[in-house]
>>> print(open('coords13.txt').read())   # compact mmCIF, C-alpha atoms and all ligand atoms
# COMPACT_ATOMS: atom_id res chain seq x y z
CA MET L 990 -63.99 -0.80 16.39
CA LYS L 991 -66.39 -2.18 13.82
CA LYS L 992 -68.10 1.22 13.67
CA ALA L 993 -64.80 2.90 12.87
CA VAL L 994 -64.33 0.50 9.92
CA CYS L 995 -67.81 1.43 8.62
CA TYR L 996 -66.67 5.07 8.42
CA VAL L 997 -63.02 4.70 7.46
CA VAL L 998 -63.39 2.23 4.58
CA PRO L 999 -65.97 4.30 2.61
CA VAL L 1000 -63.96 7.50 3.19
CA LEU L 1001 -60.79 5.84 1.89
CA LEU L 1002 -62.68 4.40 -1.06
CA CYS L 1003 -63.99 7.87 -1.96
CA LEU L 1004 -60.55 9.42 -1.65
CA LEU L 1005 -59.12 6.65 -3.86
CA VAL L 1006 -61.78 7.36 -6.48
CA GLY L 1007 -60.83 11.04 -6.21
CA VAL L 1008 -57.14 10.30 -6.78
CA VAL L 1009 -57.81 8.06 -9.80
CA ALA L 1010 -60.26 10.60 -11.27
CA GLY L 1011 -57.72 13.37 -10.66
CA SER L 1012 -54.98 11.47 -12.47
CA LEU L 1013 -57.27 11.01 -15.50
CA GLN L 1014 -57.76 14.78 -15.58
CA THR L 1015 -54.17 16.06 -15.48
CA GLU L 1016 -53.48 16.18 -19.22
CA SER L 1017 -56.81 17.80 -20.03
CA LEU L 1018 -56.44 20.22 -17.14
CA SER L 1019 -53.25 21.62 -18.59
CA GLU L 1020 -54.02 21.42 -22.30
CA TRP L 1021 -57.72 21.37 -22.99
CA TYR L 1022 -59.65 22.79 -20.03
CA PRO L 1023 -57.84 26.18 -20.05
CA THR L 1024 -58.90 26.71 -23.69
CA LEU L 1025 -62.63 26.40 -22.91
CA THR L 1026 -64.98 29.30 -22.42
CA LYS L 1027 -66.09 28.92 -18.82
CA ALA L 1028 -69.02 30.15 -16.75
CA PRO L 1029 -68.67 33.56 -15.08
CA LEU L 1030 -69.01 31.97 -11.63
CA SER L 1031 -66.21 29.41 -12.19
CA PRO L 1032 -64.07 29.20 -9.06
CA PRO L 1033 -60.26 29.20 -9.36
CA ALA L 1034 -58.78 25.76 -10.18
CA ILE L 1035 -57.36 25.27 -6.67
CA VAL L 1036 -60.89 25.22 -5.19
CA PHE L 1037 -61.77 21.94 -6.91
CA PRO L 1038 -59.33 19.51 -5.25
CA ILE L 1039 -59.99 21.07 -1.83
CA ALA L 1040 -63.78 20.95 -2.25
CA TRP L 1041 -63.70 17.40 -3.57
CA THR L 1042 -61.53 16.14 -0.71
CA LEU L 1043 -64.00 17.53 1.86
CA LEU L 1044 -67.00 16.26 -0.08
CA TYR L 1045 -65.54 12.77 -0.45
CA ILE L 1046 -64.97 12.64 3.31
CA CYS L 1047 -68.62 13.65 3.95
CA MET L 1048 -69.77 11.14 1.34
CA GLY L 1049 -67.84 8.32 3.03
CA LEU L 1050 -69.10 9.28 6.49
CA SER L 1051 -72.66 9.30 5.19
CA LEU L 1052 -72.35 5.70 4.02
CA GLY L 1053 -70.86 4.87 7.42
CA ARG L 1054 -74.03 6.21 9.07
CA VAL L 1055 -76.22 4.10 6.78
CA LEU L 1056 -74.11 0.97 7.36
CA ILE L 1057 -74.43 1.37 11.13
CA ASP L 1058 -78.09 2.39 11.66
CA GLY L 1059 -79.62 2.96 8.27
CA ASP L 1060 -81.68 1.24 5.65
CA LYS L 1061 -79.19 -1.04 3.86
CA ARG L 1062 -81.06 -0.74 0.55
CA PHE L 1063 -79.47 2.67 0.11
CA VAL L 1064 -75.95 1.23 0.17
CA THR L 1065 -76.38 0.14 -3.46
CA LEU L 1066 -77.63 3.58 -4.41
CA TRP L 1067 -74.60 5.10 -2.70
CA PHE L 1068 -72.23 2.93 -4.75
CA LEU L 1069 -74.14 3.70 -7.92
CA GLN L 1070 -73.86 7.44 -7.42
CA LEU L 1071 -70.11 7.06 -6.70
CA ALA L 1072 -69.68 5.16 -9.97
CA VAL L 1073 -71.61 7.84 -11.90
CA ASN L 1074 -69.54 10.49 -10.14
CA PHE L 1075 -66.35 8.74 -11.34
CA LEU L 1076 -67.71 8.34 -14.87
CA TRP L 1077 -68.05 12.10 -15.08
CA SER L 1078 -64.26 12.50 -14.96
CA ILE L 1079 -63.97 10.02 -17.79
CA PHE L 1080 -66.64 11.66 -19.96
CA PHE L 1081 -65.74 15.26 -19.32
CA PHE L 1082 -61.98 15.28 -18.84
CA TYR L 1083 -60.68 12.04 -20.33
CA LEU L 1084 -62.94 11.91 -23.41
CA ARG L 1085 -63.25 15.72 -23.41
CA SER L 1086 -66.98 15.57 -24.07
CA PRO L 1087 -68.91 18.29 -22.23
CA LEU L 1088 -72.16 16.80 -23.57
CA ALA L 1089 -71.55 13.32 -22.13
CA GLY L 1090 -70.38 15.00 -18.92
CA LEU L 1091 -73.60 16.97 -18.74
CA VAL L 1092 -75.82 13.92 -19.24
CA ASP L 1093 -73.81 12.05 -16.62
CA ILE L 1094 -73.98 14.83 -14.05
CA VAL L 1095 -77.75 15.22 -14.47
CA VAL L 1096 -78.10 11.49 -13.74
CA LEU L 1097 -75.82 12.01 -10.74
CA ASP L 1098 -78.02 14.87 -9.47
CA LEU L 1099 -81.06 12.57 -9.60
CA LEU L 1100 -79.30 9.69 -7.85
CA VAL L 1101 -78.04 11.97 -5.09
CA VAL L 1102 -81.48 13.52 -4.57
CA LEU L 1103 -82.94 9.99 -4.35
CA TYR L 1104 -80.33 8.97 -1.80
CA VAL L 1105 -80.81 12.07 0.37
CA TRP L 1106 -84.59 11.63 0.21
CA GLY L 1107 -84.35 7.92 0.97
CA VAL L 1108 -82.03 8.02 3.95
CA ARG L 1109 -83.50 11.15 5.58
CA ARG L 1110 -86.09 9.29 7.73
CA GLN L 1111 -83.99 6.63 9.36
CA THR L 1112 -80.61 8.38 9.35
CA PRO L 1113 -81.05 12.16 8.96
CA SER L 1114 -77.33 12.69 9.64
CA ALA L 1115 -76.51 10.59 6.55
CA ALA L 1116 -78.78 12.87 4.50
CA TRP L 1117 -77.27 16.06 5.95
CA LEU L 1118 -73.76 14.82 5.16
CA PHE L 1119 -74.84 14.68 1.50
CA VAL L 1120 -76.33 18.18 1.35
CA PRO L 1121 -73.05 20.06 0.62
CA TYR L 1122 -72.29 17.44 -2.03
CA LEU L 1123 -75.71 17.87 -3.62
CA ALA L 1124 -75.26 21.66 -3.63
CA TRP L 1125 -71.83 21.28 -5.22
CA ILE L 1126 -72.92 18.94 -8.01
CA LEU L 1127 -75.87 21.19 -8.82
CA PHE L 1128 -73.37 24.03 -9.13
CA ALA L 1129 -71.12 21.74 -11.23
CA THR L 1130 -74.11 20.98 -13.45
CA TYR L 1131 -74.40 24.69 -14.18
CA LEU L 1132 -70.64 24.95 -14.90
CA ASN L 1133 -70.76 21.91 -17.18
CA ALA L 1134 -73.89 23.10 -19.00
CA TYR L 1135 -72.33 26.51 -19.58
CA ILE L 1136 -69.20 24.93 -21.07
CA TYR L 1137 -71.33 22.67 -23.26
CA ILE L 1138 -73.41 25.57 -24.58
CA LYS L 1139 -70.56 28.02 -25.09
CA ASN L 1140 -67.98 25.73 -26.71
CA PRO L 1141 -68.33 24.26 -30.18
CA ILE L 1142 -68.70 20.49 -30.25
CA GLU L 1143 -65.79 18.46 -31.63
CA LYS L 1144 -68.03 16.23 -33.73
CA GLU L 1145 -69.69 19.04 -35.60
CA ILE L 1146 -66.35 20.57 -36.43
CA SER L 1147 -64.80 17.39 -37.71
CA VAL L 1148 -67.80 17.04 -40.01
CA VAL L 1149 -67.24 20.59 -41.27
CA LEU L 1150 -63.56 19.87 -41.84
CA THR L 1151 -64.02 16.58 -43.64
CA MET L 1152 -66.79 17.92 -45.84
CA GLU L 1153 -64.56 20.73 -46.98
CA ASP L 1154 -63.26 20.17 -50.49
CA PRO L 1155 -59.57 21.16 -50.54
CA MET L 1156 -59.93 22.69 -54.02
CA SER L 1157 -62.89 24.86 -53.14
CA SER L 1158 -61.45 25.91 -49.80
CA THR L 1159 -58.48 27.54 -51.53
CA LYS L 1160 -60.93 29.41 -53.74
CA ASN L 1161 -63.44 30.78 -51.30
CA GLN L 1162 -61.19 30.87 -48.20
CA GLN L 1163 -64.11 30.14 -45.88
CA THR L 1164 -62.09 28.33 -43.25
CA MET L 1165 -58.34 28.22 -42.99
CA THR L 1166 -57.08 24.99 -41.48
CA HIS L 1167 -53.85 25.57 -39.59
CA THR L 1168 -51.35 22.75 -39.91
CA MET L 1169 -48.22 21.56 -38.15
CA PRO L 1170 -45.04 23.27 -39.37
CA GLN L 1171 -42.26 21.04 -40.71
CA LEU L 1172 -39.17 20.90 -38.53
CA PRO L 1173 -36.01 21.96 -40.40
CA TYR L 1174 -34.11 19.09 -38.71
CA ALA L 1175 -34.63 15.46 -37.72
CA MET L 1176 -36.29 14.66 -34.37
CA GLU L 1177 -33.03 13.35 -32.89
CA ALA L 1178 -30.78 15.98 -34.49
CA LEU L 1179 -30.76 18.32 -31.49
CA SER L 1180 -29.85 15.59 -29.02
CA PRO L 1181 -28.40 15.65 -26.39
CA LYS L 1182 -29.08 19.41 -25.94
CA MET L 1183 -32.76 18.76 -26.73
CA SER L 1184 -33.78 15.12 -26.85
CA ARG L 1185 -36.00 13.35 -29.33
CA GLU L 1186 -38.43 12.68 -26.51
CA THR L 1187 -38.71 16.39 -25.71
CA LEU L 1188 -39.49 17.12 -29.34
CA GLU L 1189 -41.99 14.27 -29.47
CA TYR L 1190 -43.89 15.89 -26.60
CA HIS L 1191 -43.22 19.57 -27.08
CA TYR L 1192 -43.55 19.66 -30.87
CA GLY L 1193 -45.56 16.47 -31.42
CA LYS L 1194 -48.11 16.83 -28.63
CA HIS L 1195 -48.17 20.33 -27.13
CA LEU L 1196 -47.96 22.22 -30.42
CA GLN L 1197 -50.38 19.77 -32.07
CA THR L 1198 -52.89 20.43 -29.28
CA TYR L 1199 -52.66 24.21 -29.73
CA ILE L 1200 -53.21 23.82 -33.48
CA ASP L 1201 -56.13 21.43 -32.99
CA ASN L 1202 -57.70 23.79 -30.46
CA LEU L 1203 -57.22 26.76 -32.78
CA ASN L 1204 -58.83 24.97 -35.72
CA ARG L 1205 -61.73 23.97 -33.50
CA LEU L 1206 -62.23 27.42 -31.97
CA ILE L 1207 -62.13 29.56 -35.12
CA VAL L 1208 -64.93 27.71 -36.94
CA GLY L 1209 -67.78 30.13 -37.53
CA THR L 1210 -65.86 33.14 -36.19
CA PRO L 1211 -64.35 36.10 -38.06
CA TYR L 1212 -60.95 34.45 -37.43
CA ALA L 1213 -61.77 31.43 -39.61
CA ALA L 1214 -60.31 32.95 -42.77
CA MET L 1215 -57.57 35.05 -41.16
CA PRO L 1216 -53.86 34.31 -41.44
CA LEU L 1217 -52.25 33.25 -38.16
CA ASP L 1218 -50.34 36.47 -37.42
CA GLU L 1219 -53.49 38.53 -37.89
CA ILE L 1220 -55.39 36.30 -35.44
CA VAL L 1221 -52.56 36.74 -32.92
CA CYS L 1222 -52.83 40.54 -33.20
CA LYS L 1223 -56.63 40.74 -33.15
CA ALA L 1224 -57.99 37.90 -31.02
CA ASP L 1225 -58.24 37.54 -27.28
CA GLY L 1226 -59.17 34.79 -24.84
CA ALA L 1227 -58.89 31.18 -25.90
CA ILE L 1228 -58.47 31.97 -29.61
CA PHE L 1229 -55.57 34.32 -28.85
CA ASN L 1230 -53.96 31.79 -26.50
CA ASN L 1231 -54.03 28.97 -29.03
CA ALA L 1232 -53.16 31.15 -32.04
CA ALA L 1233 -50.23 32.79 -30.25
CA GLN L 1234 -48.98 29.45 -28.92
CA THR L 1235 -49.15 28.09 -32.48
CA TRP L 1236 -47.25 31.09 -33.85
CA ASN L 1237 -44.71 31.16 -31.00
CA HIS L 1238 -43.90 27.46 -31.19
CA THR L 1239 -43.62 27.49 -34.98
CA PHE L 1240 -41.16 30.38 -34.62
CA PHE L 1241 -39.32 28.73 -31.71
CA PHE L 1242 -38.79 25.38 -33.42
CA ASP L 1243 -37.86 27.05 -36.70
CA THR L 1244 -35.08 29.02 -34.97
CA LEU L 1245 -33.25 25.91 -33.71
CA THR L 1246 -30.46 24.14 -35.56
CA PRO L 1247 -28.11 21.27 -34.77
CA ALA L 1248 -25.26 23.14 -36.52
CA GLN L 1249 -23.62 25.49 -34.05
CA GLN L 1250 -23.16 28.91 -35.58
CA ALA L 1251 -21.32 32.13 -34.90
CA VAL L 1252 -23.46 35.26 -34.63
CA PRO L 1253 -23.43 36.94 -38.08
CA GLU L 1254 -21.62 40.29 -38.15
CA LYS L 1255 -24.69 42.39 -38.94
CA LEU L 1256 -26.57 40.97 -35.94
CA ALA L 1257 -23.50 41.14 -33.67
CA ALA L 1258 -23.15 44.83 -34.51
CA ALA L 1259 -26.83 45.52 -33.77
CA LEU L 1260 -26.64 43.64 -30.46
CA THR L 1261 -23.41 45.40 -29.48
CA LYS L 1262 -24.97 48.77 -30.24
CA GLU L 1263 -27.96 48.05 -27.98
CA PHE L 1264 -26.52 45.92 -25.19
CA GLY L 1265 -22.75 46.65 -25.20
CA SER L 1266 -21.69 43.26 -26.57
CA VAL L 1267 -23.15 39.96 -27.77
CA GLU L 1268 -22.14 38.41 -24.46
CA ALA L 1269 -23.88 41.17 -22.49
CA PHE L 1270 -27.03 40.60 -24.58
CA LYS L 1271 -26.91 36.87 -23.90
CA GLU L 1272 -26.47 37.52 -20.21
CA ALA L 1273 -29.42 39.92 -20.05
CA PHE L 1274 -31.59 37.57 -22.12
CA THR L 1275 -30.63 34.60 -19.93
CA GLN L 1276 -31.53 36.61 -16.83
CA ALA L 1277 -34.90 37.57 -18.28
CA ALA L 1278 -35.62 33.93 -19.24
CA ALA L 1279 -34.52 32.56 -15.86
CA GLY L 1280 -36.38 35.29 -13.98
CA LEU L 1281 -39.72 35.12 -15.79
CA PHE L 1282 -42.23 33.96 -13.19
CA GLY L 1283 -44.41 31.05 -14.26
CA SER L 1284 -44.97 30.18 -17.91
CA GLY L 1285 -44.09 32.44 -20.80
CA TRP L 1286 -41.74 33.52 -23.53
CA VAL L 1287 -38.72 35.79 -23.68
CA TRP L 1288 -38.13 37.58 -26.96
CA LEU L 1289 -35.56 39.62 -28.76
CA ALA L 1290 -37.67 42.08 -30.70
CA GLU L 1291 -37.09 45.00 -33.05
CA SER L 1292 -39.08 48.23 -32.97
CA PRO L 1293 -40.21 49.98 -36.19
CA GLU L 1294 -37.32 52.43 -35.54
CA GLY L 1295 -34.86 49.54 -35.56
CA ARG L 1296 -34.18 49.47 -31.80
CA LEU L 1297 -33.67 46.02 -30.27
CA SER L 1298 -35.12 45.05 -26.92
CA ILE L 1299 -35.63 42.02 -24.69
CA VAL L 1300 -39.31 41.45 -24.01
CA ALA L 1301 -40.56 39.02 -21.35
CA GLU L 1302 -44.14 37.86 -21.89
CA SER L 1303 -46.31 35.67 -19.67
CA ASN L 1304 -48.29 32.73 -21.00
CA ALA L 1305 -48.75 33.02 -24.78
CA GLY L 1306 -47.59 36.66 -25.05
CA ASN L 1307 -46.06 37.80 -28.32
CA PRO L 1308 -44.40 41.20 -28.98
CA MET L 1309 -46.22 41.50 -32.34
CA THR L 1310 -49.27 42.57 -30.34
CA ARG L 1311 -47.35 45.74 -29.37
CA GLY L 1312 -46.06 46.45 -32.84
CA LEU L 1313 -42.63 44.87 -32.33
CA LYS L 1314 -41.02 42.40 -34.71
CA PRO L 1315 -39.90 39.11 -33.13
CA LEU L 1316 -36.31 38.09 -33.92
CA LEU L 1317 -35.65 35.34 -31.38
CA ALA L 1318 -37.70 33.56 -28.73
CA ILE L 1319 -37.21 31.09 -25.93
CA ASP L 1320 -40.10 29.09 -24.53
CA VAL L 1321 -39.80 28.94 -20.75
CA TRP L 1322 -42.99 26.95 -20.13
CA GLU L 1323 -42.07 23.96 -18.01
CA HIS L 1324 -43.29 21.65 -20.79
CA ALA L 1325 -40.28 22.88 -22.85
CA TYR L 1326 -37.75 21.33 -20.49
CA TYR L 1327 -39.22 18.95 -17.92
CA ILE L 1328 -38.20 15.81 -19.80
CA ASP L 1329 -34.55 16.75 -20.36
CA CYS L 1330 -33.91 19.05 -17.41
CA ARG L 1331 -36.70 18.27 -14.91
CA ASN L 1332 -37.23 21.55 -13.04
CA ARG L 1333 -33.87 23.10 -13.99
CA ARG L 1334 -34.80 25.98 -16.28
CA ALA L 1335 -31.25 27.44 -16.17
CA GLU L 1336 -29.83 24.23 -17.63
CA PHE L 1337 -32.43 24.31 -20.42
CA ILE L 1338 -31.56 27.93 -21.27
CA LYS L 1339 -27.84 27.05 -21.38
CA ASN L 1340 -28.51 24.13 -23.77
CA TRP L 1341 -30.85 26.23 -25.89
CA TRP L 1342 -28.17 28.86 -26.61
CA ASP L 1343 -26.14 26.14 -28.38
CA LEU L 1344 -29.09 25.40 -30.69
CA VAL L 1345 -29.97 28.94 -31.81
CA ASP L 1346 -30.01 29.40 -35.57
CA TRP L 1347 -28.29 32.80 -35.61
CA ARG L 1348 -28.47 33.12 -39.39
CA LYS L 1349 -32.27 33.07 -39.24
CA VAL L 1350 -32.27 35.60 -36.41
CA ALA L 1351 -30.02 37.91 -38.45
CA ASP L 1352 -32.16 37.49 -41.58
CA ARG L 1353 -35.18 38.78 -39.64
CA LEU L 1354 -33.44 42.08 -38.81
MN MN L 1401 -43.97 25.24 -25.46
>>> encode(input="coords13.txt", output="structure tokens")
Amino acid sequence: MKKAVCYVVPVLLCLLVGVVAGSLQTESLSEWYPTLTKAPLSPPAIVFPIAWTLLYICMGLSLGRVLIDGDKRFVTLWFLQLAVNFLWSIFFFYLRSPLAGLVDIVVLDLLVVLYVWGVRRQTPSAAWLFVPYLAWILFATYLNAYIYIKNPIEKEISVVLTMEDPMSSTKNQQTMTHTMPQLPYAMEALSPKMSRETLEYHYGKHLQTYIDNLNRLIVGTPYAAMPLDEIVCKADGAIFNNAAQTWNHTFFFDTLTPAQQAVPEKLAAALTKEFGSVEAFKEAFTQAAAGLFGSGWVWLAESPEGRLSIVAESNAGNPMTRGLKPLLAIDVWEHAYYIDCRNRRAEFIKNWWDLVDWRKVADRL
């Protein structure tokens, strides 16, 4: 009975640490981590929670072995390495500092090696239970080091940005700093179709993050002096993702209005010509938006020949990259509707139709 407690309590403690660390990571995992340049051997995201659950169980069992027949001096070392392990989540994911994460994980490597070495004589099973964990954190050290080396450091960039004289930057155009677009309406104006809280998160936080990431990523690249639409058409990887999300959201928010409008005649005629009627267009567009798997955007776009089409794009996709002109867009990322509509994308699409600024759409034709 007492033996069981020696195993179960450390395992539960490890799993608890895992849950708390995981909850500190969620925001960074969706907003920051995907924008980083990662090592070629990075496993898919799903591998991490599975691996950590198994490793935490082994880690807890190892302490159980030491508590039962081992040298008790290593109990302190075990707790110390667990604390350093937890600190890594704070440094890397919560504070978003790959450098602090790297220092922390190197310390962790040393502590774990010491522990394995120390307990191996009296309780070899306790040492063996730590071997997969040691292998994993050595691998994680490589992943973390790669991210640190390949991604520009926040601090350096903020120095570059603050040292930049606004007068001279307009003259020599060395680095273009992308800024938040102004909303053409008040934050609560679209309520209840789109709440103030949704705008506070979607516009205030998500879009701000894309813009911050973009400004950080372009420093020292050929994209630093390029206008946003040119970056969208030329870049790929993280710079494309953040540039396109900046462009798409600016366009999306700009095409909303609290004043319900009829579809202007010129646009109605163009839609009728292509889709049969305005209603048929709305139906097809709604279907495309509801049916798009995962995150993405659905667009009404115009070809150079003046043909209109509905284009569904995953992730940050934008029809400009295929030579089409965007006229209208709906954001079907879950972050666009989870506050107001939870998981109900169809309800979000229905509300969004009532907010479309048709005059702006028609002006783009
Ligand atoms: Mn969005």
>>> atom_distance(input="coords13.txt", atom1="CA of Gly1090 in chain L", atom2="CA of Trp1125 in chain L")
15.1 Å
>>> residues_around(input="coords13.txt", residues="Glu1186 in chain L", least_positions_apart="3", cutoff="10 Å", atoms="only C-alpha atoms", output="PyMOL selection string")
chain L and resi 1176-1177+1180+1183+1189-1193+1328-1329
>>> closest_atom_pairs(input="coords13.txt", of="chain L", to="ligand MN 1401 (chain L)", cutoff="9 Å", atoms="all atoms listed in the file", output="CSV")
residue,atom,partner,partner_atom,distance
L:His1191,CA,L:MN1401,MN,5.9
L:Tyr1192,CA,L:MN1401,MN,7.8
L:His1195,CA,L:MN1401,MN,6.7
L:Leu1196,CA,L:MN1401,MN,7.0
L:Gln1234,CA,L:MN1401,MN,7.4
L:Asn1237,CA,L:MN1401,MN,8.1
L:His1238,CA,L:MN1401,MN,6.1
L:Phe1241,CA,L:MN1401,MN,8.5
L:Gly1285,CA,L:MN1401,MN,8.6
L:Trp1286,CA,L:MN1401,MN,8.8
L:Ile1319,CA,L:MN1401,MN,9.0
L:Asp1320,CA,L:MN1401,MN,5.5
L:Val1321,CA,L:MN1401,MN,7.3
L:Trp1322,CA,L:MN1401,MN,5.7
L:Glu1323,CA,L:MN1401,MN,7.8
L:His1324,CA,L:MN1401,MN,5.9
L:Ala1325,CA,L:MN1401,MN,5.1
L:Tyr1326,CA,L:MN1401,MN,8.9
>>> closest_residue(input="coords13.txt", among="L:Leu1188, L:Leu1206, L:Ala1335, L:Val1108", to="Asp1058 in chain L", atoms="only C-alpha atoms")
L:Val1108
>>> closest_residue(input="coords13.txt", among="L:Lys1223, L:Arg1110, L:His1167, L:Lys1194", to="Thr1310 in chain L", atoms="all atoms listed in the file")
L:Lys1223
>>> axis_aligned_box(input="coords13.txt", around="range 1303-1317 of chain L", padding_each_side="3 Å", output="lines of an AutoDock Vina configuration file")
center_x = -42.5
center_y = 39.6
center_z = -27.2
size_x = 19.6
size_y = 19.7
size_z = 21.0
>>> residues_around(input="coords13.txt", residues="range 1072-1087 of chain L", least_positions_apart="5", cutoff="8 Å", atoms="only C-alpha atoms", output="ChimeraX atom specification")
/L:1006-1007,1010-1011,1013-1014,1017-1018,1021-1022,1093-1094,1096-1097,1133-1134,1136-1137
>>> write_last_selection(input="coords13.txt", atoms="C-alpha atoms", output="PDB file, keeping the file's coordinate frame")
ATOM      1  CA  VAL L1006     -61.780   7.360  -6.480  1.00  0.00           C
ATOM      2  CA  GLY L1007     -60.830  11.040  -6.210  1.00  0.00           C
ATOM      3  CA  ALA L1010     -60.260  10.600 -11.270  1.00  0.00           C
ATOM      4  CA  GLY L1011     -57.720  13.370 -10.660  1.00  0.00           C
ATOM      5  CA  LEU L1013     -57.270  11.010 -15.500  1.00  0.00           C
ATOM      6  CA  GLN L1014     -57.760  14.780 -15.580  1.00  0.00           C
ATOM      7  CA  SER L1017     -56.810  17.800 -20.030  1.00  0.00           C
ATOM      8  CA  LEU L1018     -56.440  20.220 -17.140  1.00  0.00           C
ATOM      9  CA  TRP L1021     -57.720  21.370 -22.990  1.00  0.00           C
ATOM     10  CA  TYR L1022     -59.650  22.790 -20.030  1.00  0.00           C
ATOM     11  CA  ASP L1093     -73.810  12.050 -16.620  1.00  0.00           C
ATOM     12  CA  ILE L1094     -73.980  14.830 -14.050  1.00  0.00           C
ATOM     13  CA  VAL L1096     -78.100  11.490 -13.740  1.00  0.00           C
ATOM     14  CA  LEU L1097     -75.820  12.010 -10.740  1.00  0.00           C
ATOM     15  CA  ASN L1133     -70.760  21.910 -17.180  1.00  0.00           C
ATOM     16  CA  ALA L1134     -73.890  23.100 -19.000  1.00  0.00           C
ATOM     17  CA  ILE L1136     -69.200  24.930 -21.070  1.00  0.00           C
ATOM     18  CA  TYR L1137     -71.330  22.670 -23.260  1.00  0.00           C
TER      19      TYR L1137
END
>>> atom_distance(input="coords13.txt", atom1="CA of Leu1316 in chain L", atom2="CA of Ile1207 in chain L")
27.2 Å
>>> closest_residue(input="coords13.txt", among="L:Leu1127, L:Val1055, L:Ala1175, L:Ala1258", to="Phe1242 in chain L", atoms="only C-alpha atoms")
L:Ala1175
